[in-house]
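Undergrad: So that you have it, the file is work.csv, and it contains CSV, C-alpha atoms:
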```
chain,number,residue,atom,x,y,z
A,209,MET,CA,63.2,79.4,137.0
A,210,GLU,CA,63.8,81.9,139.8
A,211,ARG,CA,66.1,79.5,141.5
A,212,ALA,CA,68.0,78.8,138.3
A,213,SER,CA,68.4,82.5,137.8
A,214,ALA,CA,70.0,82.8,141.2
A,215,ASP,CA,72.4,80.1,140.1
A,216,GLU,CA,73.5,81.9,137.0
A,217,GLN,CA,74.1,85.0,139.0
A,218,ASN,CA,76.0,83.0,141.5
A,219,TRP,CA,78.4,81.6,138.8
A,220,THR,CA,79.1,85.2,137.7
A,221,ALA,CA,79.8,86.3,141.3
A,222,LEU,CA,82.1,83.3,141.9
A,223,LEU,CA,84.1,83.9,138.7
A,224,LEU,CA,84.5,87.6,139.6
A,225,ALA,CA,85.8,86.4,143.0
A,226,VAL,CA,88.3,84.2,141.2
A,227,ARG,CA,89.3,87.1,139.1
A,228,ASP,CA,89.6,89.7,141.8
A,229,GLN,CA,90.7,87.7,144.9
A,230,GLN,CA,92.2,84.6,143.4
A,231,ASP,CA,89.5,82.9,145.5
A,232,LYS,CA,90.1,79.1,145.4
A,233,VAL,CA,86.9,78.3,147.3
A,234,ALA,CA,84.9,80.1,144.6
A,235,PHE,CA,87.0,78.2,142.0
A,236,ALA,CA,86.2,74.8,143.7
A,237,ALA,CA,82.4,75.6,143.5
A,238,LEU,CA,82.8,76.5,139.8
A,239,PHE,CA,84.8,73.3,139.2
A,240,ARG,CA,82.2,71.1,140.9
A,241,HIS,CA,79.4,72.4,138.7
A,242,PHE,CA,81.2,72.9,135.3
A,243,ALA,CA,83.9,70.2,135.2
A,244,PRO,CA,81.5,67.3,135.0
A,245,ARG,CA,79.5,69.1,132.4
A,246,VAL,CA,82.5,69.9,130.3
A,247,LYS,CA,83.7,66.3,130.6
A,248,GLY,CA,80.2,65.0,129.5
A,249,PHE,CA,80.2,67.5,126.6
A,250,LEU,CA,83.6,66.4,125.4
A,251,MET,CA,82.7,62.7,125.7
A,252,LYS,CA,79.6,63.3,123.6
A,253,SER,CA,81.9,65.0,121.1
A,254,GLY,CA,83.7,61.7,120.7
A,255,MET,CA,86.5,61.9,123.3
A,256,SER,CA,87.6,59.0,125.4
A,257,ALA,CA,86.7,59.3,129.1
A,258,ALA,CA,90.4,59.7,130.0
A,259,LEU,CA,91.1,62.4,127.5
A,260,ALA,CA,87.8,64.2,128.4
A,261,GLU,CA,88.9,64.1,132.1
A,262,GLU,CA,92.2,65.7,131.3
A,263,CYS,CA,90.7,68.3,128.9
A,264,ALA,CA,88.0,69.2,131.4
A,265,GLN,CA,90.7,69.9,134.0
A,266,ASP,CA,92.5,72.0,131.4
A,267,VAL,CA,89.3,74.0,130.6
A,268,LEU,CA,88.7,74.8,134.3
A,269,ALA,CA,92.4,75.7,134.7
A,270,THR,CA,92.0,78.1,131.8
A,271,LEU,CA,88.9,79.6,133.5
A,272,TRP,CA,91.2,80.5,136.4
A,273,GLN,CA,94.1,81.6,134.2
A,274,LYS,CA,92.1,83.9,132.0
A,275,SER,CA,89.4,85.1,134.4
A,276,HIS,CA,90.3,88.7,133.7
A,277,LEU,CA,89.0,88.3,130.1
A,278,PHE,CA,85.5,87.3,131.2
A,279,ASP,CA,82.9,90.0,130.5
A,280,PRO,CA,79.5,89.1,132.1
A,281,THR,CA,77.7,91.8,130.0
A,282,ARG,CA,78.7,89.8,126.9
A,283,ALA,CA,78.4,86.2,128.0
A,284,SER,CA,77.2,84.0,130.9
A,285,VAL,CA,79.7,81.8,132.6
A,286,ALA,CA,78.2,78.8,130.9
A,287,THR,CA,78.7,80.4,127.5
A,288,TRP,CA,82.3,81.3,128.3
A,289,VAL,CA,83.0,77.8,129.5
A,290,PHE,CA,81.6,76.4,126.3
A,291,THR,CA,83.9,78.5,124.1
A,292,ILE,CA,87.0,77.4,126.1
A,293,ALA,CA,85.8,73.7,125.9
A,294,ARG,CA,85.2,74.0,122.2
A,295,ASN,CA,88.6,75.4,121.6
A,296,ARG,CA,90.2,72.7,123.7
A,297,ARG,CA,88.4,70.1,121.6
A,298,ILE,CA,89.6,71.6,118.4
A,299,ASP,CA,93.2,71.8,119.7
A,300,ALA,CA,93.1,68.1,120.8
A,301,ALA,CA,91.7,67.1,117.4
A,302,ARG,CA,94.0,68.8,115.0
A,303,ARG,CA,96.9,70.4,117.0
A,304,ALA,CA,96.4,73.6,115.1
A,305,ALA,CA,95.4,76.9,116.7
A,306,ARG,CA,91.9,78.0,116.0
A,307,PRO,CA,91.8,81.4,114.4
A,308,GLU,CA,90.2,83.7,116.9
A,309,PRO,CA,89.0,87.3,116.4
A,310,GLU,CA,90.9,90.1,118.1
A,311,ASP,CA,90.5,90.2,121.8
A,312,LEU,CA,88.3,93.0,123.0
A,313,PRO,CA,89.4,94.7,126.2
A,314,TRP,CA,87.2,95.5,129.2
A,315,GLY,CA,87.4,99.2,128.6
A,316,PRO,CA,88.4,101.8,131.3
A,317,GLU,CA,85.5,100.8,133.6
A,318,ALA,CA,86.9,98.2,136.0
A,319,GLU,CA,83.5,96.8,136.9
A,320,PRO,CA,80.8,95.5,134.5
A,321,ASP,CA,77.4,97.1,134.7
A,322,GLN,CA,75.6,94.8,137.3
A,323,GLN,CA,72.2,95.2,135.8
A,324,GLU,CA,73.4,94.4,132.3
A,325,ALA,CA,75.3,91.3,133.6
A,326,LEU,CA,72.1,90.2,135.4
A,327,GLU,CA,70.0,90.6,132.3
A,328,MET,CA,72.6,88.7,130.2
A,329,ALA,CA,72.5,85.8,132.7
A,330,GLN,CA,68.6,85.8,132.7
A,331,GLU,CA,68.5,85.9,129.0
A,332,THR,CA,70.9,83.0,128.6
A,333,GLU,CA,68.8,81.0,131.0
A,334,ARG,CA,65.6,81.7,129.0
A,335,LEU,CA,67.5,80.3,126.0
A,336,GLY,CA,68.3,77.1,128.0
A,337,ALA,CA,64.6,76.8,128.9
A,338,ALA,CA,63.6,77.2,125.2
A,339,LEU,CA,66.1,74.6,124.2
A,340,ALA,CA,64.6,72.2,126.6
A,341,LEU,CA,61.2,72.8,125.2
A,342,LEU,CA,62.1,72.1,121.5
A,343,PRO,CA,60.8,69.0,119.9
A,344,GLU,CA,63.2,66.1,120.6
A,345,SER,CA,64.4,65.7,117.0
A,346,GLN,CA,65.2,69.4,116.6
A,347,ARG,CA,67.0,69.6,119.9
A,348,ALA,CA,69.0,66.5,119.0
A,349,LEU,CA,70.1,68.1,115.7
A,350,ILE,CA,71.3,71.3,117.5
A,351,GLU,CA,73.2,69.2,120.0
A,352,LYS,CA,74.8,67.2,117.3
A,353,ALA,CA,76.1,70.4,115.7
A,354,TYR,CA,77.6,71.5,119.0
A,355,PHE,CA,79.1,68.1,119.6
A,356,GLY,CA,81.0,68.7,116.3
A,357,GLU,CA,79.3,65.8,114.6
A,358,LEU,CA,78.0,67.8,111.6
A,359,THR,CA,80.2,69.3,108.8
A,360,HIS,CA,79.6,73.0,107.9
A,361,THR,CA,77.6,72.0,104.9
A,362,GLU,CA,75.3,69.8,107.0
A,363,ILE,CA,74.5,72.5,109.5
A,364,ALA,CA,71.0,74.0,109.3
A,365,ALA,CA,71.4,77.5,110.8
A,366,GLU,CA,67.7,77.8,111.7
A,367,THR,CA,67.7,76.7,115.4
A,368,GLY,CA,64.2,77.7,116.2
A,369,LEU,CA,65.5,79.3,119.4
A,370,PRO,CA,64.9,83.0,120.5
A,371,MET,CA,68.5,84.3,120.1
A,372,GLY,CA,67.6,87.9,119.0
A,373,THR,CA,67.6,89.5,122.5
A,374,ILE,CA,70.9,88.0,123.4
A,375,LYS,CA,72.4,89.3,120.2
A,376,SER,CA,71.0,92.8,120.8
A,377,ARG,CA,72.4,92.8,124.4
A,378,ILE,CA,75.9,91.8,123.2
A,379,ARG,CA,75.7,94.4,120.4
A,380,LEU,CA,74.8,97.2,123.0
A,381,ALA,CA,77.7,96.1,125.2
A,382,LEU,CA,80.1,96.2,122.2
A,383,ASP,CA,78.8,99.6,121.2
A,384,LYS,CA,79.4,100.9,124.7
A,385,LEU,CA,82.9,99.5,124.7
A,386,ARG,CA,83.8,101.0,121.4
A,387,ALA,CA,82.4,104.4,122.6
A,388,GLN,CA,84.7,104.2,125.7
A,389,LEU,CA,87.7,103.4,123.6
A,390,SER,CA,87.3,106.1,121.0
B,403,MET,CA,84.5,100.9,112.2
B,404,THR,CA,83.6,101.2,108.5
B,405,THR,CA,80.1,100.4,107.4
B,406,ILE,CA,80.0,96.7,106.5
B,407,ARG,CA,77.2,95.6,104.3
B,408,HIS,CA,78.0,92.0,103.5
B,409,HIS,CA,78.0,89.7,106.6
B,410,VAL,CA,78.7,86.1,107.6
B,411,SER,CA,75.6,83.9,107.0
B,412,ASP,CA,73.9,82.2,110.0
B,413,ARG,CA,75.0,78.8,108.7
B,414,LEU,CA,78.7,79.8,108.6
B,415,LEU,CA,78.5,81.6,112.0
B,416,MET,CA,76.9,78.5,113.6
B,417,ALA,CA,79.6,76.3,112.0
B,418,TYR,CA,82.3,78.6,113.4
B,419,ALA,CA,80.6,78.5,116.9
B,420,THR,CA,80.4,74.8,116.9
B,421,GLY,CA,84.0,74.4,115.6
B,422,SER,CA,83.0,72.7,112.4
B,423,LEU,CA,84.7,74.9,109.9
B,424,PRO,CA,88.0,74.0,108.1
B,425,GLU,CA,90.8,76.2,109.3
B,426,ALA,CA,90.9,78.3,106.1
B,427,PHE,CA,87.3,79.3,106.5
B,428,GLY,CA,87.8,79.9,110.2
B,429,LEU,CA,90.6,82.3,109.4
B,430,VAL,CA,88.3,84.3,107.1
B,431,ILE,CA,85.5,84.4,109.7
B,432,ALA,CA,87.8,85.4,112.6
B,433,THR,CA,89.2,88.2,110.4
B,434,HIS,CA,85.7,89.5,109.5
B,435,LEU,CA,84.6,89.3,113.2
B,436,SER,CA,87.6,91.4,114.1
B,437,LEU,CA,86.1,94.1,111.9
B,438,CYS,CA,82.4,93.6,112.5
B,439,ASP,CA,80.7,94.0,115.9
B,440,GLU,CA,77.3,93.0,114.4
B,441,CYS,CA,78.6,89.5,113.5
B,442,ARG,CA,80.5,89.3,116.7
B,443,ALA,CA,77.3,89.8,118.6
B,444,ARG,CA,75.5,87.2,116.4
B,445,LEU,CA,78.3,84.8,117.2
B,446,GLY,CA,77.8,85.5,120.9
B,447,ALA,CA,74.2,84.3,120.6
B,448,PHE,CA,75.3,81.0,118.9
B,449,ASP,CA,78.0,80.6,121.6
B,450,ALA,CA,75.2,81.1,124.2
B,451,VAL,CA,73.3,78.1,122.7
B,452,GLY,CA,76.6,76.1,123.1
B,453,GLY,CA,76.7,77.1,126.8
B,454,GLN,CA,73.2,75.7,127.3
B,455,VAL,CA,74.1,72.5,125.5
B,456,VAL,CA,77.1,72.1,127.9
B,457,GLU,CA,74.7,72.7,130.8
B,458,GLY,CA,72.7,69.7,129.7
B,459,CYS,CA,75.7,67.3,129.7
B,460,GLU,CA,77.2,65.5,132.7
B,461,ALA,CA,79.9,62.9,133.4
B,462,GLU,CA,81.4,61.9,136.7
B,463,MET,CA,84.9,63.3,137.3
B,464,ALA,CA,87.7,61.0,138.5
B,465,ALA,CA,88.5,60.8,142.2
B,466,GLY,CA,90.9,63.5,143.2
B,467,SER,CA,90.2,65.6,140.1
B,468,LEU,CA,89.5,68.9,141.9
B,469,ASP,CA,92.7,68.6,144.0
B,470,ALA,CA,94.8,67.7,140.9
B,471,CYS,CA,93.4,70.8,139.2
B,472,LEU,CA,93.9,73.1,142.2
B,473,ALA,CA,97.5,71.9,142.5
B,474,ARG,CA,98.3,73.1,139.0
B,475,LEU,CA,96.7,76.5,139.2
B,476,GLY,CA,99.4,79.0,138.5
B,477,VAL,CA,99.7,82.7,138.6
B,478,GLN,CA,96.8,84.3,136.7
B,479,ASP,CA,97.7,85.7,133.3
B,480,ARG,CA,96.7,89.4,133.7
B,481,ARG,CA,97.9,90.7,130.3
B,482,VAL,CA,95.1,92.9,129.0
B,483,ALA,CA,94.4,92.9,125.3
B,484,PRO,CA,95.6,96.0,123.4
B,485,LEU,CA,93.3,98.9,123.8
B,486,ARG,CA,92.7,99.1,120.1
B,487,SER,CA,93.7,97.3,117.0
B,488,LYS,CA,97.1,98.1,115.6
B,489,PRO,CA,96.9,100.4,112.7
B,490,GLY,CA,97.3,98.6,109.4
B,491,VAL,CA,95.5,96.6,106.8
B,492,PHE,CA,95.3,93.1,108.5
B,493,PRO,CA,93.3,92.4,111.7
B,494,GLN,CA,95.2,90.3,114.3
B,495,PRO,CA,94.1,86.7,113.3
B,496,LEU,CA,95.4,87.3,109.8
B,497,ARG,CA,98.5,89.1,111.0
B,498,ASP,CA,99.3,86.1,113.2
B,499,LYS,CA,99.0,83.8,110.2
B,500,VAL,CA,101.1,86.0,107.8
B,501,GLY,CA,103.6,87.0,110.5
B,502,GLY,CA,103.0,90.7,109.9
B,503,ASP,CA,100.9,93.2,108.0
B,504,ALA,CA,100.3,93.5,104.3
B,505,SER,CA,104.0,94.5,103.8
B,506,ALA,CA,105.2,91.2,105.1
B,507,VAL,CA,103.3,89.1,102.4
B,508,ARG,CA,105.4,87.2,99.9
B,509,TRP,CA,103.4,87.7,96.8
B,510,ARG,CA,103.7,85.6,93.6
B,511,PRO,CA,102.6,87.1,90.3
B,512,LEU,CA,99.4,85.6,88.7
B,513,GLY,CA,99.6,87.7,85.5
B,514,MET,CA,98.0,91.0,84.5
B,515,GLY,CA,99.4,92.6,87.7
B,516,VAL,CA,97.3,90.3,89.9
B,517,ARG,CA,99.3,88.6,92.7
B,518,GLN,CA,98.5,86.0,95.3
B,519,ALA,CA,100.0,84.3,98.3
B,520,ILE,CA,98.9,80.9,99.6
B,521,LEU,CA,98.6,80.7,103.4
B,522,PRO,CA,99.4,77.4,105.0
B,523,THR,CA,96.4,75.8,106.6
B,524,SER,CA,96.1,72.3,108.2
B,525,ASP,CA,93.2,70.8,106.1
B,526,SER,CA,91.6,70.5,102.8
B,527,ALA,CA,90.3,74.0,102.4
B,528,THR,CA,92.8,76.6,101.2
B,529,ALA,CA,93.3,80.2,102.1
B,530,ARG,CA,95.1,82.8,100.0
B,531,LEU,CA,95.6,86.5,99.8
B,532,LEU,CA,94.9,88.2,96.5
B,533,TYR,CA,96.3,91.5,95.4
B,534,ILE,CA,94.4,93.1,92.5
B,535,PRO,CA,95.7,96.4,91.1
B,536,ALA,CA,93.1,99.2,91.0
B,537,GLY,CA,90.9,98.8,87.9
B,538,ALA,CA,92.1,95.2,87.1
B,539,ALA,CA,90.0,92.1,87.0
B,540,VAL,CA,90.5,88.6,88.4
B,541,PRO,CA,89.9,86.0,85.6
B,542,ASP,CA,86.3,84.9,85.1
B,543,HIS,CA,85.7,81.9,87.3
B,544,GLY,CA,83.0,79.7,88.9
B,545,HIS,CA,83.1,77.5,92.0
B,546,LYS,CA,82.7,73.9,92.7
B,547,GLY,CA,82.4,74.3,96.5
B,548,THR,CA,82.1,77.4,98.6
B,549,GLU,CA,84.4,80.4,98.2
B,550,LEU,CA,84.6,83.2,100.8
B,551,THR,CA,86.2,86.5,99.8
B,552,LEU,CA,86.9,89.2,102.4
B,553,VAL,CA,88.0,92.6,101.4
B,554,LEU,CA,90.8,94.1,103.5
B,555,GLN,CA,91.8,97.1,101.3
B,556,GLY,CA,90.2,98.9,98.4
B,557,ALA,CA,87.0,97.5,96.9
B,558,PHE,CA,85.8,95.2,94.2
B,559,SER,CA,82.6,94.8,92.3
B,560,ASP,CA,81.1,91.9,90.4
B,561,ALA,CA,77.7,91.2,88.9
B,562,THR,CA,76.2,90.9,92.3
B,563,ASP,CA,77.3,94.0,94.2
B,564,ARG,CA,80.2,96.2,95.5
B,565,PHE,CA,82.4,94.9,98.3
B,566,GLY,CA,84.5,97.2,100.4
B,567,ARG,CA,86.8,96.7,103.5
B,568,GLY,CA,85.2,94.2,105.9
B,569,ASP,CA,82.6,93.0,103.4
B,570,LEU,CA,82.4,89.2,102.9
B,571,GLU,CA,81.3,87.7,99.6
B,572,ILE,CA,80.0,84.1,100.0
B,573,ALA,CA,80.1,82.4,96.5
B,574,ASP,CA,78.8,79.0,95.8
B,575,GLU,CA,78.3,76.8,92.8
B,576,ASP,CA,75.7,79.0,91.2
B,577,LEU,CA,78.0,82.1,91.0
B,578,GLU,CA,80.3,82.7,88.1
B,579,HIS,CA,81.9,86.0,88.4
B,580,THR,CA,84.6,88.4,87.3
B,581,PRO,CA,85.6,90.6,90.3
B,582,VAL,CA,87.0,93.9,89.2
B,583,ALA,CA,88.9,96.1,91.6
B,584,GLU,CA,87.7,99.6,92.0
B,585,ALA,CA,89.8,102.5,90.6
B,586,GLY,CA,91.7,104.6,93.1
B,587,GLN,CA,93.3,102.0,95.5
B,588,ASP,CA,94.7,98.5,94.9
B,589,CYS,CA,92.5,95.8,96.3
B,590,ILE,CA,93.7,93.2,98.8
B,591,CYS,CA,91.4,90.3,99.7
B,592,LEU,CA,91.6,87.2,101.8
B,593,ALA,CA,89.9,84.2,100.1
B,594,ALA,CA,89.2,80.7,101.1
B,595,THR,CA,87.8,77.8,99.2
B,596,ASP,CA,87.0,74.1,99.9
B,597,ALA,CA,87.3,73.1,96.2
B,598,PRO,CA,89.4,74.3,93.2
B,599,LEU,CA,88.0,77.3,91.3
B,600,ARG,CA,86.7,76.7,87.8
B,601,PHE,CA,88.2,79.2,85.3
B,602,THR,CA,86.2,79.6,82.1
B,603,GLY,CA,89.1,80.8,80.0
B,604,LEU,CA,91.6,78.2,78.5
B,605,ILE,CA,94.9,80.0,79.6
B,606,PRO,CA,93.9,80.4,83.3
B,607,ARG,CA,92.7,76.8,83.3
B,608,MET,CA,96.1,75.6,82.1
B,609,LEU,CA,97.9,77.7,84.6
B,610,GLN,CA,95.7,76.6,87.5
B,611,PRO,CA,97.8,73.5,88.6
B,612,ILE,CA,100.9,75.7,88.5
B,613,PHE,CA,99.5,78.4,90.7
B,614,ARG,CA,97.4,76.1,92.9
B,615,ILE,CA,94.3,78.1,92.8
```
Represent the structure contained in this file as structure tokens.
TA:
Amino acid sequence: MERASADEQNWTALLLAVRDQQDKVAFAALFRHFAPRVKGFLMKSGMSAALAEECAQDVLATLWQKSHLFDPTRASVATWVFTIARNRRIDAARRAARPEPEDLPWGPEAEPDQQEALEMAQETERLGAALALLPESQRALIEKAYFGELTHTEIAAETGLPMGTIKSRIRLALDKLRAQLS
Amino acid sequence: MTTIRHHVSDRLLMAYATGSLPEAFGLVIATHLSLCDECRARLGAFDAVGGQVVEGCEAEMAAGSLDACLARLGVQDRRVAPLRSKPGVFPQPLRDKVGGDASAVRWRPLGMGVRQAILPTSDSATARLLYIPAGAAVPDHGHKGTELTLVLQGAFSDATDRFGRGDLEIADEDLEHTPVAEAGQDCICLAATDAPLRFTGLIPRMLQPIFRI
């Protein structure tokens, strides 16, 4: 658990190095961890290995390209990677842009609050641990939904996962951002 | 931000997070999220679950994959999002779809002063904008599937409650309603449905194929 937590922090630090110093060594470390996971995720979502390989590279290239939009007080690196991978999957499937909410800016503060970023990373990790502890059938159903195998009417929104704290943290980060902007 | 009282359900938020919604529904949710930090935060929690699902996957990358990716990394896109939403009625996702704000909509009359504009979407569910003059009613109708209605200007009331800017009404097969726009300001809504509406009156029923509602 402690070790894993250091990992999550590490991904955040590496992504900030990509953002601030265009650090390709940091990018390579992110690639080695996340590209195989994205590829596996896309294959489980029904993509061929060849297409999943191509899309996984796209996803990591997008991570580089849009690193300035990453806000570690609102998402862990894994969460952010997931949203990019999901959008890439939708684009590949229907060639229509997914409607996205308005972008929110960083706000005047150049650096995210370190403590808040740390807590977000830890909280995301607790969620991962809770997911691993779910009964097999329940976890399989959640995964199926995220692999895009369920229609919106088949989805059961009750995940059984402790998501309340993450929601509250993101809400606080958004409130802070709005306060800075007004 | 105005006070929003009617939010996206967990089921719809999770479907949006997992990418399982038809485009028309996705447009309504993205537009609501642009107005509602509470639902944006709840979506963030569903996205975090997705991040952990990705962490549990793995497949071997092709040889030379990293080098190929490094070779195509270009200049980073550093455009920062606008500091605040543009003033106007439509949030950005809807503005992108329409090609402008409310003034850019090409309305078609539906009768009794009510107007609509169908928005092109790629799949079976349909999205449309509705313009209801202050005090006017939309013909009494029920639903076969799910209908989402998001208020963008003014307010409407039906048997269930009052809905103002940012409020989302989720109507299913059980709801038969006659939304009435509040006096004072004309009401503009974004609506999406995955099945045709069921009008109870004969005339609207006859007109339905013509107006594609």
Undergrad: So which one's closest to chain B, A:Arg302, A:Arg245, A:Arg227, A:Arg240? Using only C-alpha atoms, please.
TA: A:Arg245
Undergrad: What does the distance between atom CA of B:Asp574 and atom CA of B:Thr595 come to in Å, to one decimal place?
TA: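 Between atom CA of B:Asp574 and atom CA of B:Thr595 the gap is 9.7 Å.
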Undergrad: Please identify all polymer residues within 7 Å of stretch 265-271 of chain A, counting all atoms listed in the file, omitting same-chain residues fewer than 3 positions from it, and present them as a ChimeraX atom specification.
TA: /A:239,243,261-262,274-275,292-293 /B:471,475
Undergrad: Check the smallest atom-to-atom distance from each of B:Arg407, B:Glu440, B:Gly586, B:Arg508 to chain A using all atoms listed in the file, then report the winner.
TA: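 Once distances to chain A are computed over all atoms listed in the file, the minimum belongs to B:Glu440.
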Undergrad: Report as a PDB file with C-alpha atoms, in the frame of the given file the set of chain A residues whose atoms approach chain B to within 6 Å, with distances computed over all atoms listed in the file.
TA:
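Below is the file that was written, iface-v7.pdb:
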```pdb
ATOM      1  CA  PRO A 244      81.500  67.300 135.000  1.00  0.00           C
ATOM      2  CA  ARG A 245      79.500  69.100 132.400  1.00  0.00           C
ATOM      3  CA  LYS A 247      83.700  66.300 130.600  1.00  0.00           C
ATOM      4  CA  GLY A 248      80.200  65.000 129.500  1.00  0.00           C
ATOM      5  CA  PHE A 249      80.200  67.500 126.600  1.00  0.00           C
ATOM      6  CA  GLN A 265      90.700  69.900 134.000  1.00  0.00           C
ATOM      7  CA  GLN A 273      94.100  81.600 134.200  1.00  0.00           C
ATOM      8  CA  ALA A 286      78.200  78.800 130.900  1.00  0.00           C
ATOM      9  CA  THR A 287      78.700  80.400 127.500  1.00  0.00           C
ATOM     10  CA  PHE A 290      81.600  76.400 126.300  1.00  0.00           C
ATOM     11  CA  PRO A 307      91.800  81.400 114.400  1.00  0.00           C
ATOM     12  CA  GLU A 308      90.200  83.700 116.900  1.00  0.00           C
ATOM     13  CA  PRO A 309      89.000  87.300 116.400  1.00  0.00           C
ATOM     14  CA  GLU A 310      90.900  90.100 118.100  1.00  0.00           C
ATOM     15  CA  ASP A 311      90.500  90.200 121.800  1.00  0.00           C
ATOM     16  CA  PRO A 313      89.400  94.700 126.200  1.00  0.00           C
ATOM     17  CA  GLY A 336      68.300  77.100 128.000  1.00  0.00           C
ATOM     18  CA  TYR A 354      77.600  71.500 119.000  1.00  0.00           C
ATOM     19  CA  GLY A 356      81.000  68.700 116.300  1.00  0.00           C
ATOM     20  CA  THR A 359      80.200  69.300 108.800  1.00  0.00           C
ATOM     21  CA  HIS A 360      79.600  73.000 107.900  1.00  0.00           C
ATOM     22  CA  ALA A 365      71.400  77.500 110.800  1.00  0.00           C
ATOM     23  CA  MET A 371      68.500  84.300 120.100  1.00  0.00           C
ATOM     24  CA  ILE A 374      70.900  88.000 123.400  1.00  0.00           C
ATOM     25  CA  LYS A 375      72.400  89.300 120.200  1.00  0.00           C
ATOM     26  CA  ILE A 378      75.900  91.800 123.200  1.00  0.00           C
ATOM     27  CA  ARG A 379      75.700  94.400 120.400  1.00  0.00           C
TER      28      ARG A 379
END
```
Undergrad: Have a look at atom CA of B:Pro541 and atom CA of B:Arg510 and let me know their distance in Å, one decimal.
TA: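 Atom CA of B:Arg510 lies at a distance of 16.0 Å from atom CA of B:Pro541.
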Undergrad: What separation in Å, quoted to one decimal, exists between atom CA of B:Tyr533 and atom CA of B:Lys546?
TA: 22.4 Å
Undergrad: Tell me which of B:Val507, B:Ala529, B:Leu592, B:Ala538 sits closest to B:Thr580, counting all atoms listed in the file.
TA: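 Comparing B:Val507, B:Ala529, B:Leu592, B:Ala538 against B:Thr580, the winner is B:Ala538.
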Undergrad: Give as a PyMOL selection string the set of residues within 9 Å of the point (85.8, 64.7, 121.5), where distances use the file's coordinates and all atoms listed in the file.
TA: chain A and resi 249-256+259-260+297-298+300-301+355-356
Undergrad: With C-alpha atoms retained, write the just-selected residues as a PDB file, in the frame of the given file.
TA:
```pdb
ATOM      1  CA  PHE A 249      80.200  67.500 126.600  1.00  0.00           C
ATOM      2  CA  LEU A 250      83.600  66.400 125.400  1.00  0.00           C
ATOM      3  CA  MET A 251      82.700  62.700 125.700  1.00  0.00           C
ATOM      4  CA  LYS A 252      79.600  63.300 123.600  1.00  0.00           C
ATOM      5  CA  SER A 253      81.900  65.000 121.100  1.00  0.00           C
ATOM      6  CA  GLY A 254      83.700  61.700 120.700  1.00  0.00           C
ATOM      7  CA  MET A 255      86.500  61.900 123.300  1.00  0.00           C
ATOM      8  CA  SER A 256      87.600  59.000 125.400  1.00  0.00           C
ATOM      9  CA  LEU A 259      91.100  62.400 127.500  1.00  0.00           C
ATOM     10  CA  ALA A 260      87.800  64.200 128.400  1.00  0.00           C
ATOM     11  CA  ARG A 297      88.400  70.100 121.600  1.00  0.00           C
ATOM     12  CA  ILE A 298      89.600  71.600 118.400  1.00  0.00           C
ATOM     13  CA  ALA A 300      93.100  68.100 120.800  1.00  0.00           C
ATOM     14  CA  ALA A 301      91.700  67.100 117.400  1.00  0.00           C
ATOM     15  CA  PHE A 355      79.100  68.100 119.600  1.00  0.00           C
ATOM     16  CA  GLY A 356      81.000  68.700 116.300  1.00  0.00           C
TER      17      GLY A 356
END
```
Undergrad: Find, counting only C-alpha atoms, the residue in A:Asn218, A:Gln346, A:Gln322, A:Thr281 that gets nearest to A:Lys384.
TA: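 Checking each candidate against A:Lys384, we get A:Thr281 as the closest.
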